[in-house]
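Below is one structure; the comments refer to it alone.
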Amino acid sequence: MDFKSLYEENKKNIIILISIVLLLIVFMVVFSGLKKEKDDNSKVSNIIFSEEEISIEENKTYQVKYEIYPGGLKDIKLTWSSVDDSIATVDENGLITAIRPGTTEIKAKSVSGAVDNLIVKVSEETRNDTTVKFNIENFDLKINTYRRLILMFEPEDVNYDSIEWTSSDERIATVSQVGRVNGVKTGKAVITATVKLKNGSYLSTSSNVNVTKETTLSLANSSQTSLYEDTTKELVLTLSDKDVVIKDATYKVSNENIVQVIRRPLPNNDDATVTSTIKGIGKGKATIDYKIETTDGEIITFTANITVK
């Protein structure tokens with residue numbers, strides 16, 4: 001038999017047959033892969049997200065992390081959806097994009113019906129052009145007085161995590177974590193507030209404080225400290241600082257059988273004085289302790305020694 005002649009006569013048919021066989025092999029391989037993929041997708045029993053709830057700023061993205069059970073399954077396809085696309089969207093790979101402030105729910109579902117949910121809270125985006133400053137840039141403060149510093153943000157509705165307050169020299173001035181500055185001794189210090197914003201960046205502002213001597217009280221006239229029984233006298237106390245504003249004035253008498261205050265201490269901010277009227281009750285000596293509080297928190301005390309003749 002002449003095989004060469006036979007091949008030449010049937011060459012066209014042989015090529016067609018080989019092509020059909022190759023196509024069948026390719027089809028079987030593809031079909032086998034599709035069948036395996038379908039089978040694996042139908043085997044998913046559970047989807048577990050790594051987090052139950054997340055917070056994200058608007059215009060930011062977040063990639064959902066999750067695990068499929070049982071493990072080892074291949075080519076698992078999930079269907080992703082958002083309860084409210086106006087708040088946050090999610091693509092076919094579980095990438096969340098925050099749209100506007102609010103709360104929504106992201107869901108992932110398998111062909112087998114396994115599902116898991118993720119709560120997404122979208123907050124307002126922290127602006128990069130945020131600024132901060134104190135309500136007072138430079139100020140004087142007396143020893144044993146205080147002043148509250150207030151942070152002023154621009155824009156006003158700033159989201160921040162924390163504020164740290166510091167003093168460059170706590171021997172001169174201290175500051176609390178709510179911005180209350182206390183004068184300790186004369187000198188100068190710098191008060192700084194460092195703000196950590198929600199987006200992880202920091203802002204800071206500083207103010208200079210000059211701590212000066214504390215205000216004192218003195219008698220306008222030493223002859224005021226003596227009087228006779230059943231007589232009255234005006235007792236005038238003068239503050240060393242004419243610029244202070246008196247908030248309150250109180251007193252305490254050591255022995256009211258000797259002297260009494262018949263008109264309570266009255267402050268006069270125009271001339272920085274505090275005036276009270278006393279009356280001699282019985283012969284002897286007594287003291288009157290005065291306490292003056294100023295609007296900036298300074299407490300000033302003075303003891304008047306009274307002699308009744």
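In the structure tokens, chains take letters A, B, ... by order of appearance, with residues numbered from 1 within each chain and ligands from 1 in the order shown.
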Determine, counting only C-alpha atoms, which protein, DNA and RNA residues have an atom within 10 Å of an atom of Asp289 (chain A); residues of the same chain fewer than 3 positions away are not included. Present the result as JSON, numbers by chain.
{"A": [250, 251, 252, 253, 254, 301, 302, 303, 304, 305]}
Write out, as an mmCIF file, in the first residue's frame, the residues just selected, with C-alpha atoms.
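Resulting contents of again10.cif:
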```cif
data_model
loop_
_atom_site.group_PDB
_atom_site.id
_atom_site.type_symbol
_atom_site.label_atom_id
_atom_site.label_comp_id
_atom_site.auth_asym_id
_atom_site.auth_seq_id
_atom_site.Cartn_x
_atom_site.Cartn_y
_atom_site.Cartn_z
ATOM 1 C CA THR A 250 -15.502 89.621 101.695
ATOM 2 C CA TYR A 251 -14.316 89.906 105.303
ATOM 3 C CA LYS A 252 -14.049 88.053 108.623
ATOM 4 C CA VAL A 253 -13.868 89.671 112.095
ATOM 5 C CA SER A 254 -11.879 87.915 114.833
ATOM 6 C CA THR A 301 -5.784 89.346 101.235
ATOM 7 C CA PHE A 302 -5.149 91.936 103.920
ATOM 8 C CA THR A 303 -5.424 91.885 107.713
ATOM 9 C CA ALA A 304 -6.346 95.111 109.499
ATOM 10 C CA ASN A 305 -5.402 95.302 113.210
#
```
Please report, as a ChimeraX atom specification, each residue of region 77-170 of chain A to which DSSP assigns strand (DSSP E) when run on this structure's backbone.
/A:78-82,88-90,95-98,102-110,115-123,131-134,138-142,146-148,151-154,160-167
Kindly give the distance, in Å, that separates CA of Lys77 (chain A) and CA of Thr61 (chain A), rounded to a single decimal.
21.2 Å
Just list as a PyMOL selection string whatever in region 9-179 of chain A DSSP marks as helix (DSSP H, G or I).
chain A and resi 9-41
Selected residues written out, N, CA, C and O atoms, as a short mmCIF file (atom, residue, chain, number, x, y, z; two decimals), in the first residue's frame:
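part.cif was written with the following content:
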```cif
data_model
loop_
_atom_site.label_atom_id
_atom_site.label_comp_id
_atom_site.auth_asym_id
_atom_site.auth_seq_id
_atom_site.Cartn_x
_atom_site.Cartn_y
_atom_site.Cartn_z
N GLU A 9 -4.02 11.87 -1.05
CA GLU A 9 -5.42 11.85 -1.49
C GLU A 9 -6.37 12.34 -0.38
O GLU A 9 -7.41 12.93 -0.64
N ASN A 10 -5.99 12.08 0.92
CA ASN A 10 -6.90 12.43 2.04
C ASN A 10 -6.34 13.55 2.95
O ASN A 10 -6.75 13.71 4.09
N LYS A 11 -5.36 14.26 2.42
CA LYS A 11 -4.70 15.31 3.22
C LYS A 11 -5.70 16.32 3.78
O LYS A 11 -5.66 16.70 4.96
N LYS A 12 -6.59 16.76 2.98
CA LYS A 12 -7.56 17.78 3.41
C LYS A 12 -8.45 17.26 4.53
O LYS A 12 -8.71 17.94 5.53
N ASN A 13 -8.89 16.01 4.39
CA ASN A 13 -9.77 15.43 5.41
C ASN A 13 -9.04 15.20 6.74
O ASN A 13 -9.61 15.37 7.82
N ILE A 14 -7.75 14.83 6.62
CA ILE A 14 -6.96 14.59 7.84
C ILE A 14 -6.78 15.88 8.62
O ILE A 14 -6.91 15.93 9.85
N ILE A 15 -6.49 16.98 7.90
CA ILE A 15 -6.32 18.29 8.57
C ILE A 15 -7.61 18.71 9.27
O ILE A 15 -7.60 19.21 10.41
N ILE A 16 -8.72 18.50 8.59
CA ILE A 16 -10.03 18.85 9.18
C ILE A 16 -10.27 18.03 10.45
O ILE A 16 -10.72 18.55 11.48
N LEU A 17 -9.94 16.75 10.40
CA LEU A 17 -10.15 15.86 11.54
C LEU A 17 -9.29 16.28 12.73
O LEU A 17 -9.76 16.33 13.88
N ILE A 18 -8.01 16.60 12.44
CA ILE A 18 -7.12 17.03 13.52
C ILE A 18 -7.62 18.32 14.16
O ILE A 18 -7.60 18.49 15.38
N SER A 19 -8.12 19.24 13.33
CA SER A 19 -8.64 20.52 13.85
C SER A 19 -9.83 20.29 14.76
O SER A 19 -9.99 20.93 15.81
N ILE A 20 -10.69 19.37 14.37
CA ILE A 20 -11.88 19.08 15.18
C ILE A 20 -11.46 18.49 16.53
O ILE A 20 -12.00 18.86 17.59
N VAL A 21 -10.48 17.61 16.49
CA VAL A 21 -10.00 17.00 17.74
C VAL A 21 -9.42 18.05 18.66
O VAL A 21 -9.68 18.06 19.88
N LEU A 22 -8.62 18.97 18.11
CA LEU A 22 -8.03 20.05 18.93
C LEU A 22 -9.10 20.94 19.53
O LEU A 22 -9.02 21.35 20.70
N LEU A 23 -10.11 21.26 18.74
CA LEU A 23 -11.21 22.10 19.25
C LEU A 23 -11.94 21.40 20.38
O LEU A 23 -12.35 22.03 21.38
N LEU A 24 -12.13 20.09 20.23
CA LEU A 24 -12.80 19.34 21.29
C LEU A 24 -11.98 19.36 22.59
O LEU A 24 -12.53 19.48 23.69
N ILE A 25 -10.66 19.25 22.44
CA ILE A 25 -9.78 19.27 23.63
C ILE A 25 -9.87 20.61 24.33
O ILE A 25 -10.00 20.69 25.56
N VAL A 26 -9.81 21.72 23.54
CA VAL A 26 -9.90 23.07 24.12
C VAL A 26 -11.23 23.26 24.81
O VAL A 26 -11.33 23.79 25.93
N PHE A 27 -12.31 22.84 24.18
CA PHE A 27 -13.64 22.97 24.75
C PHE A 27 -13.75 22.22 26.07
O PHE A 27 -14.32 22.73 27.05
N MET A 28 -13.19 21.02 26.11
CA MET A 28 -13.26 20.23 27.33
C MET A 28 -12.48 20.88 28.47
O MET A 28 -12.91 20.86 29.62
N VAL A 29 -11.33 21.48 28.14
CA VAL A 29 -10.53 22.14 29.18
C VAL A 29 -11.27 23.35 29.74
O VAL A 29 -11.36 23.54 30.96
N VAL A 30 -11.84 24.18 28.84
CA VAL A 30 -12.59 25.36 29.28
C VAL A 30 -13.80 24.95 30.10
O VAL A 30 -14.10 25.51 31.15
N PHE A 31 -14.55 23.97 29.59
CA PHE A 31 -15.75 23.52 30.30
C PHE A 31 -15.41 22.97 31.67
O PHE A 31 -16.12 23.22 32.65
N SER A 32 -14.29 22.28 31.74
CA SER A 32 -13.85 21.72 33.03
C SER A 32 -13.54 22.83 34.01
O SER A 32 -13.88 22.76 35.20
N GLY A 33 -12.88 23.92 33.53
CA GLY A 33 -12.57 25.04 34.40
C GLY A 33 -13.81 25.75 34.87
O GLY A 33 -13.94 26.14 36.04
N LEU A 34 -14.76 25.97 33.96
CA LEU A 34 -16.00 26.64 34.33
C LEU A 34 -16.77 25.82 35.34
O LEU A 34 -17.36 26.36 36.28
N LYS A 35 -16.78 24.53 35.12
CA LYS A 35 -17.51 23.66 36.03
C LYS A 35 -16.88 23.70 37.42
O LYS A 35 -17.57 23.76 38.44
N LYS A 36 -15.53 23.71 37.46
CA LYS A 36 -14.83 23.75 38.75
C LYS A 36 -15.12 25.08 39.46
O LYS A 36 -15.35 25.12 40.67
N GLU A 37 -15.08 26.19 38.64
CA GLU A 37 -15.37 27.50 39.24
C GLU A 37 -16.77 27.52 39.81
O GLU A 37 -17.00 28.01 40.91
N LYS A 38 -17.72 26.98 39.05
CA LYS A 38 -19.10 26.96 39.53
C LYS A 38 -19.21 26.11 40.78
O LYS A 38 -19.88 26.48 41.74
N ASP A 39 -18.51 24.99 40.77
CA ASP A 39 -18.57 24.11 41.92
C ASP A 39 -17.99 24.78 43.16
O ASP A 39 -18.55 24.71 44.25
N ASP A 40 -16.84 25.49 43.04
CA ASP A 40 -16.21 26.17 44.18
C ASP A 40 -17.10 27.28 44.71
O ASP A 40 -17.21 27.47 45.93
N ASN A 41 -17.72 28.04 43.82
CA ASN A 41 -18.60 29.11 44.27
C ASN A 41 -19.79 28.58 45.05
O ASN A 41 -20.26 29.22 45.98
#
```
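With only C-alpha atoms as the atoms that count, the residue of A:Glu170, A:Asp157, A:Glu234, A:Glu293 with the shortest distance to Thr131 (chain A) is A:Asp157.
In this comparison, which uses only C-alpha atoms, the residue of A:Val209, A:Leu151, A:Ile56, A:Val122 approaching Ser86 (chain A) most closely is A:Val122.
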Contact residues around Phe49 (chain A) with only C-alpha atoms at 10 Å, ignoring same-chain residues under 6 positions, as number ranges by chain
A: 64-68, 107-108, 115-118
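Near Ser204 (chain A), within 9 Å and counting only C-alpha atoms, sit Thr131, Val132, Lys133, Thr192, Ala193, Thr194, Val195 and Lys196 of chain A; same-chain residues fewer than 4 positions away were not included.
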Please dump the current selection as a tab-separated table (two decimals), in the first residue's frame; keep N, CA, C and O atoms.
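Listing of out05.tsv after writing:
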```
chain	number	residue	atom	x	y	z
A	131	THR	N	-6.79	76.46	60.21
A	131	THR	CA	-5.84	77.25	61.00
A	131	THR	C	-6.35	77.35	62.44
A	131	THR	O	-7.54	77.17	62.70
A	132	VAL	N	-5.44	77.67	63.36
A	132	VAL	CA	-5.82	77.83	64.76
A	132	VAL	C	-4.97	78.92	65.38
A	132	VAL	O	-3.80	79.10	65.02
A	133	LYS	N	-5.57	79.66	66.30
A	133	LYS	CA	-4.84	80.68	67.05
A	133	LYS	C	-5.52	80.88	68.39
A	133	LYS	O	-6.66	80.46	68.60
A	192	THR	N	1.92	76.83	74.59
A	192	THR	CA	1.67	76.25	73.27
A	192	THR	C	0.57	75.20	73.34
A	192	THR	O	0.51	74.42	74.28
A	193	ALA	N	-0.30	75.22	72.35
A	193	ALA	CA	-1.33	74.19	72.20
A	193	ALA	C	-1.09	73.47	70.88
A	193	ALA	O	-1.00	74.11	69.83
A	194	THR	N	-0.98	72.13	70.93
A	194	THR	CA	-0.79	71.31	69.73
A	194	THR	C	-2.04	70.48	69.51
A	194	THR	O	-2.45	69.72	70.38
A	195	VAL	N	-2.64	70.64	68.33
A	195	VAL	CA	-3.92	69.99	68.02
A	195	VAL	C	-3.68	68.87	67.01
A	195	VAL	O	-3.07	69.08	65.96
A	196	LYS	N	-4.16	67.67	67.36
A	196	LYS	CA	-4.11	66.55	66.43
A	196	LYS	C	-5.46	66.44	65.72
A	196	LYS	O	-6.49	66.21	66.36
```
